[in-house]
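Enquirer: What follows is structure-v2.csv, CSV, C-alpha atoms.
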```
chain,number,residue,atom,x,y,z
A,1,SER,CA,-6.6,12.3,-0.3
A,2,ARG,CA,-5.5,8.9,0.9
A,3,GLY,CA,-1.9,9.5,-0.1
A,4,LYS,CA,-1.4,6.3,-2.1
A,5,THR,CA,0.5,7.9,-5.0
A,6,THR,CA,2.8,9.8,-2.6
A,7,LEU,CA,3.3,6.5,-0.7
A,8,LEU,CA,4.2,4.6,-3.9
A,9,ARG,CA,6.7,7.4,-4.8
A,10,ARG,CA,8.2,7.3,-1.3
A,11,VAL,CA,8.5,3.5,-1.3
A,12,SER,CA,10.2,3.7,-4.7
A,13,GLU,CA,12.6,6.4,-3.4
A,14,LYS,CA,13.4,4.3,-0.3
A,15,GLY,CA,14.7,1.5,-2.4
A,16,GLN,CA,16.3,3.8,-4.9
A,17,ARG,CA,19.8,2.5,-4.1
A,18,GLY,CA,19.0,-0.8,-5.8
A,19,ILE,CA,16.6,0.5,-8.4
A,20,GLN,CA,17.6,-0.2,-12.0
A,21,GLN,CA,14.5,1.3,-13.6
A,22,ASN,CA,11.7,3.2,-12.1
A,23,ALA,CA,9.1,4.5,-14.6
A,24,PHE,CA,6.9,5.7,-11.7
A,25,LEU,CA,9.6,8.2,-10.4
A,26,ASN,CA,10.3,9.3,-13.9
A,27,ARG,CA,6.7,9.9,-15.0
A,28,MET,CA,6.7,13.6,-14.0
A,29,PRO,CA,9.2,16.3,-13.1
A,30,ASN,CA,9.9,16.7,-9.3
A,31,GLU,CA,7.9,19.9,-9.0
A,32,PHE,CA,4.7,18.1,-10.0
A,33,GLN,CA,5.3,15.1,-7.8
A,34,GLN,CA,4.4,16.9,-4.6
A,35,ASN,CA,0.6,16.4,-4.7
A,36,LEU,CA,0.0,13.9,-7.4
A,37,SER,CA,-3.5,12.5,-7.9
A,38,THR,CA,-3.8,9.5,-10.2
A,39,VAL,CA,-6.0,9.8,-13.2
A,40,GLY,CA,-7.2,6.3,-14.4
A,41,ILE,CA,-4.4,3.8,-13.8
A,42,VAL,CA,-0.7,4.3,-14.0
A,43,VAL,CA,1.3,1.1,-14.6
A,44,SER,CA,4.9,1.2,-13.8
A,45,ASP,CA,7.7,-1.1,-12.8
A,46,TRP,CA,11.0,-0.8,-10.9
A,47,THR,CA,13.7,-3.3,-10.3
A,48,TYR,CA,15.3,-3.5,-6.8
A,49,THR,CA,18.7,-5.2,-6.5
A,50,LYS,CA,18.9,-7.2,-3.3
A,51,LYS,CA,22.0,-8.8,-1.7
A,52,VAL,CA,21.5,-12.5,-1.2
A,53,LYS,CA,23.8,-15.2,0.1
A,54,THR,CA,24.7,-17.7,-2.6
A,55,ASP,CA,26.4,-19.9,-0.2
A,56,GLN,CA,28.0,-19.6,3.2
A,57,THR,CA,31.0,-17.6,1.9
A,58,GLN,CA,29.7,-15.5,-1.0
A,59,THR,CA,27.2,-12.8,-1.4
A,60,GLY,CA,25.5,-12.2,-4.7
A,61,LEU,CA,22.9,-9.8,-6.2
A,62,ARG,CA,19.4,-10.6,-7.2
A,63,ASN,CA,17.1,-8.4,-9.1
A,64,ILE,CA,13.5,-8.2,-8.0
A,65,THR,CA,11.1,-6.5,-10.4
A,66,PHE,CA,7.9,-4.9,-9.0
A,67,MET,CA,5.1,-4.0,-11.3
A,68,THR,CA,3.0,-1.3,-9.7
A,69,TRP,CA,-0.6,-0.5,-10.6
A,70,ASP,CA,-1.6,2.9,-9.1
A,71,PHE,CA,-5.4,3.0,-9.4
A,72,GLY,CA,-7.2,6.4,-9.5
A,73,GLY,CA,-9.1,6.7,-6.3
A,74,GLN,CA,-11.9,8.8,-7.7
A,75,GLU,CA,-15.3,7.1,-7.7
A,76,GLU,CA,-15.7,7.3,-11.4
A,77,TYR,CA,-12.8,4.8,-11.8
A,78,TYR,CA,-14.1,2.2,-9.3
A,79,ALA,CA,-15.8,0.0,-11.9
A,80,THR,CA,-12.6,-0.4,-14.0
A,81,HIS,CA,-10.4,-1.5,-11.1
A,82,GLN,CA,-11.9,-5.1,-11.0
A,83,CYS,CA,-10.6,-5.7,-14.6
A,84,PHE,CA,-7.1,-5.4,-13.4
A,85,LEU,CA,-7.1,-7.5,-10.3
A,86,SER,CA,-5.3,-10.9,-10.4
A,87,ARG,CA,-4.3,-13.7,-8.0
A,88,ARG,CA,-0.5,-13.4,-8.4
A,89,SER,CA,-0.3,-10.0,-6.7
A,90,LEU,CA,0.4,-8.3,-3.4
A,91,TYR,CA,-2.1,-5.6,-2.7
A,92,ILE,CA,-1.5,-2.4,-0.7
A,93,VAL,CA,-4.8,-0.9,0.4
A,94,VAL,CA,-4.3,2.7,1.6
A,95,TRP,CA,-6.4,4.8,4.0
A,96,ASN,CA,-5.8,8.3,5.4
A,97,VAL,CA,-5.6,8.0,9.2
A,98,LEU,CA,-7.0,11.5,9.6
A,99,ASP,CA,-10.3,10.2,8.3
A,100,GLY,CA,-10.7,8.1,11.5
A,101,ARG,CA,-13.3,5.4,11.6
A,102,ALA,CA,-14.8,6.5,8.3
A,103,GLY,CA,-11.5,5.8,6.7
A,104,VAL,CA,-11.4,2.4,8.3
A,105,GLU,CA,-14.9,1.6,7.0
A,106,GLU,CA,-13.9,2.8,3.5
A,107,LEU,CA,-11.5,-0.1,3.3
A,108,LYS,CA,-14.3,-2.6,3.2
A,109,PRO,CA,-15.4,-2.4,-0.5
A,110,TRP,CA,-11.7,-2.4,-1.6
A,111,LEU,CA,-11.0,-5.6,0.4
A,112,LEU,CA,-14.2,-7.3,-0.7
A,113,ASN,CA,-13.4,-6.5,-4.3
A,114,ILE,CA,-9.9,-7.9,-4.0
A,115,GLN,CA,-11.2,-11.1,-2.4
A,116,ALA,CA,-13.9,-11.5,-5.1
A,117,ARG,CA,-11.5,-11.0,-8.0
A,118,ALA,CA,-8.2,-12.4,-6.5
A,119,PRO,CA,-9.2,-14.8,-3.8
A,120,HIS,CA,-6.7,-15.3,-0.9
A,121,SER,CA,-4.2,-12.8,-2.3
A,122,PRO,CA,-2.0,-11.1,0.4
A,123,VAL,CA,-2.9,-7.6,1.4
A,124,ILE,CA,-1.1,-4.9,3.4
A,125,VAL,CA,-3.3,-2.2,4.8
A,126,VAL,CA,-1.4,1.1,5.1
A,127,GLY,CA,-2.5,4.1,6.9
A,128,THR,CA,-0.9,7.4,5.7
A,129,HIS,CA,-0.4,10.9,7.1
A,130,LEU,CA,1.1,9.7,10.4
A,131,ASP,CA,3.1,12.9,10.6
A,132,LYS,CA,-0.2,14.9,10.8
A,133,VAL,CA,-1.6,13.0,13.7
A,134,LYS,CA,-1.7,15.2,16.8
A,135,ARG,CA,-0.8,13.9,20.2
A,136,SER,CA,-4.5,14.2,21.2
A,137,GLN,CA,-5.4,11.9,18.2
A,138,ARG,CA,-3.0,9.1,19.0
A,139,ARG,CA,-5.4,7.1,21.1
A,140,GLU,CA,-8.1,7.3,18.4
A,141,LEU,CA,-5.5,6.1,15.8
A,142,ASN,CA,-4.6,3.1,18.0
A,143,GLU,CA,-8.3,2.3,18.4
A,144,ASN,CA,-8.7,2.4,14.6
A,145,LEU,CA,-5.8,0.1,14.1
A,146,ILE,CA,-7.4,-2.4,16.5
A,147,LEU,CA,-10.7,-1.9,14.7
A,148,ILE,CA,-9.0,-2.9,11.4
A,149,ASP,CA,-7.7,-6.0,13.0
A,150,ARG,CA,-11.1,-6.9,14.4
A,151,MET,CA,-13.2,-6.0,11.3
A,152,TYR,CA,-11.0,-7.4,8.6
A,153,GLY,CA,-9.0,-10.1,10.4
A,154,THR,CA,-5.4,-8.9,10.2
A,155,GLY,CA,-3.1,-12.0,10.3
A,156,SER,CA,-6.1,-14.4,10.7
A,157,ARG,CA,-6.6,-16.6,7.7
A,158,LEU,CA,-9.7,-18.2,9.3
A,159,MET,CA,-11.4,-14.9,10.1
A,160,SER,CA,-10.6,-13.5,6.7
A,161,MET,CA,-12.2,-16.4,5.0
A,162,LYS,CA,-15.2,-16.4,7.3
A,163,HIS,CA,-16.0,-12.8,6.5
A,164,GLY,CA,-15.1,-12.8,2.9
A,165,PHE,CA,-12.0,-10.6,3.1
A,166,PRO,CA,-8.5,-11.3,1.7
A,167,ILE,CA,-5.6,-12.3,3.9
A,168,ILE,CA,-4.3,-9.1,5.5
A,169,MET,CA,-0.6,-9.7,6.2
A,170,ALA,CA,0.1,-6.4,8.0
A,171,ASN,CA,-1.6,-3.3,9.2
A,172,ILE,CA,1.0,-0.4,9.1
A,173,VAL,CA,0.9,3.3,9.6
A,174,VAL,CA,3.4,5.5,7.8
A,175,SER,CA,4.3,9.0,6.9
A,176,SER,CA,5.2,9.5,3.3
A,177,THR,CA,6.5,13.0,4.2
A,178,SER,CA,9.0,12.1,6.8
A,179,GLY,CA,9.5,8.5,5.7
A,180,LYS,CA,8.5,7.1,9.2
A,181,ASN,CA,7.8,3.4,9.0
A,182,ILE,CA,8.3,3.2,5.2
A,183,ASN,CA,11.0,0.6,5.8
A,184,TYR,CA,8.4,-1.8,7.2
A,185,LEU,CA,6.9,-2.1,3.7
```
Could the structure of this file be written out as structure tokens, please?

Expert:
Amino acid sequence: SRGKTTLLRRVSEKGQRGIQQNAFLNRMPNEFQQNLSTVGIVVSDWTYTKKVKTDQTQTGLRNITFMTWDFGGQEEYYATHQCFLSRRSLYIVVWNVLDGRAGVEELKPWLLNIQARAPHSPVIVVGTHLDKVKRSQRRELNENLILIDRMYGTGSRLMSMKHGFPIIMANIVVSSTSGKNINYL
């Protein structure tokens, strides 16, 4: 399990203060949300209310609506994903840090598919399950984060274009259980 559905739920909860609507959080009762696995594609939206300065003396509120597309990660759904990719999107590509180098390498087809269908779209690579990384595994995790930067060109528009990958804006590791680093998203 990569943990993308749990991550999406956690990000939604983190911004809950400003959420007007959140179809994702409301899709199932809490007792079933613990270990969700997406079947097919779940399309949801939520609106986050952000404080913005309207001028130097006043602060206003601005609603930002996010439409989330949670793709089923099972192999039988892969062929359908390409039908839903568009240029005007921010992509979050998720991998399980406990899968080590194999998890890093599994990012490649996802990133290539995004670049093929939605060229130059921004991507955030998110490693999940940080809370389950043992002290003895931290070095390997750091090496894998460096490997992602080298293989896929995190932050490098030139390298991304040269190797056919989308523009990776950030490479973040989080714990959806504890909420560690969720605020960076």

Enquirer: State, in Å with one decimal place, the distance from atom CA of A:Leu7 to atom CA of A:Thr177.

Expert: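 Interatomic distance here is 8.7 Å.
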
Enquirer: In terms of the shortest atom-to-atom distance over all atoms listed in the file, which of A:Thr59, A:Val11, A:His120, A:Pro109 is closest to A:Tyr184?

Expert: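 Looking only at the distances to A:Tyr184, the closest residue turns out to be A:Val11.
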
Enquirer: When you look at stretch 85-99 of chain A with a cut-off of 8 Å (counting all atoms listed in the file), what residues show up, excluding the ones that are within fewer than 3 positions of it in the same chain? I need them as a ChimeraX atom specification.

Expert: /A:1-4,81-82,102-104,106-107,110-111,114,117-130,132-133,141

Enquirer: Give the answer as one residue: which of A:Lys51, A:Lys108, A:Lys134, A:Arg9 has the shortest atom-to-atom distance to A:Asp70, using only C-alpha atoms?

Expert: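 The closest residue to A:Asp70 is A:Arg9.
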
Enquirer: Considering all atoms listed in the file, state which residue in the set A:Arg62, A:Ala170, A:Ser12, A:Gly100 is at the smallest distance from A:Arg139.

Expert: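 Closest to A:Arg139 of all the choices is A:Gly100.
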
Enquirer: To one decimal in Å, tell me the separation between atom CA of A:Ile182 and atom CA of A:Asp149.

Expert: 20.0 Å

Enquirer: Could you model N, CA, C and O atoms for stretch 156-173 of chain A and present them as a compact mmCIF listing (two decimals), in the frame of the given file?

Expert:
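The resulting file, result28.txt, is shown below:
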```
# COMPACT_ATOMS: atom_id res chain seq x y z
N SER A 156 -5.26 -13.22 10.41
CA SER A 156 -6.10 -14.40 10.70
C SER A 156 -6.69 -14.93 9.39
O SER A 156 -7.65 -14.36 8.87
N ARG A 157 -6.13 -16.00 8.89
CA ARG A 157 -6.60 -16.60 7.70
C ARG A 157 -8.09 -17.09 7.86
O ARG A 157 -8.94 -16.90 6.99
N LEU A 158 -8.37 -17.66 9.01
CA LEU A 158 -9.70 -18.20 9.30
C LEU A 158 -10.74 -17.04 9.31
O LEU A 158 -11.80 -17.13 8.68
N MET A 159 -10.43 -15.96 10.02
CA MET A 159 -11.40 -14.90 10.10
C MET A 159 -11.55 -14.19 8.75
O MET A 159 -12.66 -13.81 8.38
N SER A 160 -10.48 -14.06 7.99
CA SER A 160 -10.60 -13.50 6.70
C SER A 160 -11.52 -14.27 5.79
O SER A 160 -12.41 -13.72 5.13
N MET A 161 -11.36 -15.58 5.78
CA MET A 161 -12.20 -16.40 5.00
C MET A 161 -13.65 -16.43 5.44
O MET A 161 -14.57 -16.41 4.64
N LYS A 162 -13.84 -16.40 6.74
CA LYS A 162 -15.20 -16.40 7.30
C LYS A 162 -15.99 -15.19 6.90
O LYS A 162 -17.18 -15.26 6.65
N HIS A 163 -15.33 -14.04 6.83
CA HIS A 163 -16.00 -12.80 6.50
C HIS A 163 -15.86 -12.31 5.10
O HIS A 163 -16.33 -11.23 4.75
N GLY A 164 -15.18 -13.10 4.27
CA GLY A 164 -15.10 -12.80 2.90
C GLY A 164 -14.02 -11.74 2.51
O GLY A 164 -14.09 -11.09 1.48
N PHE A 165 -13.02 -11.60 3.38
CA PHE A 165 -12.00 -10.60 3.10
C PHE A 165 -10.69 -11.37 2.69
O PHE A 165 -10.50 -12.54 3.03
N PRO A 166 -9.80 -10.68 2.00
CA PRO A 166 -8.50 -11.30 1.70
C PRO A 166 -7.66 -11.43 2.92
O PRO A 166 -8.02 -10.93 3.99
N ILE A 167 -6.53 -12.06 2.77
CA ILE A 167 -5.60 -12.30 3.90
C ILE A 167 -4.80 -10.99 4.10
O ILE A 167 -4.00 -10.62 3.24
N ILE A 168 -5.02 -10.33 5.22
CA ILE A 168 -4.30 -9.10 5.50
C ILE A 168 -3.02 -9.50 6.27
O ILE A 168 -3.08 -9.99 7.38
N MET A 169 -1.90 -9.30 5.61
CA MET A 169 -0.60 -9.70 6.20
C MET A 169 -0.09 -8.74 7.21
O MET A 169 0.61 -9.14 8.13
N ALA A 170 -0.42 -7.46 7.03
CA ALA A 170 0.10 -6.40 8.00
C ALA A 170 -0.84 -5.23 7.92
O ALA A 170 -1.53 -4.99 6.93
N ASN A 171 -0.81 -4.48 9.01
CA ASN A 171 -1.60 -3.30 9.20
C ASN A 171 -0.57 -2.23 9.66
O ASN A 171 -0.17 -2.26 10.82
N ILE A 172 -0.14 -1.34 8.77
CA ILE A 172 1.00 -0.40 9.10
C ILE A 172 0.55 1.01 8.90
O ILE A 172 -0.26 1.32 8.02
N VAL A 173 1.10 1.89 9.71
CA VAL A 173 0.90 3.30 9.60
C VAL A 173 2.18 3.99 9.25
O VAL A 173 3.20 3.71 9.88
```
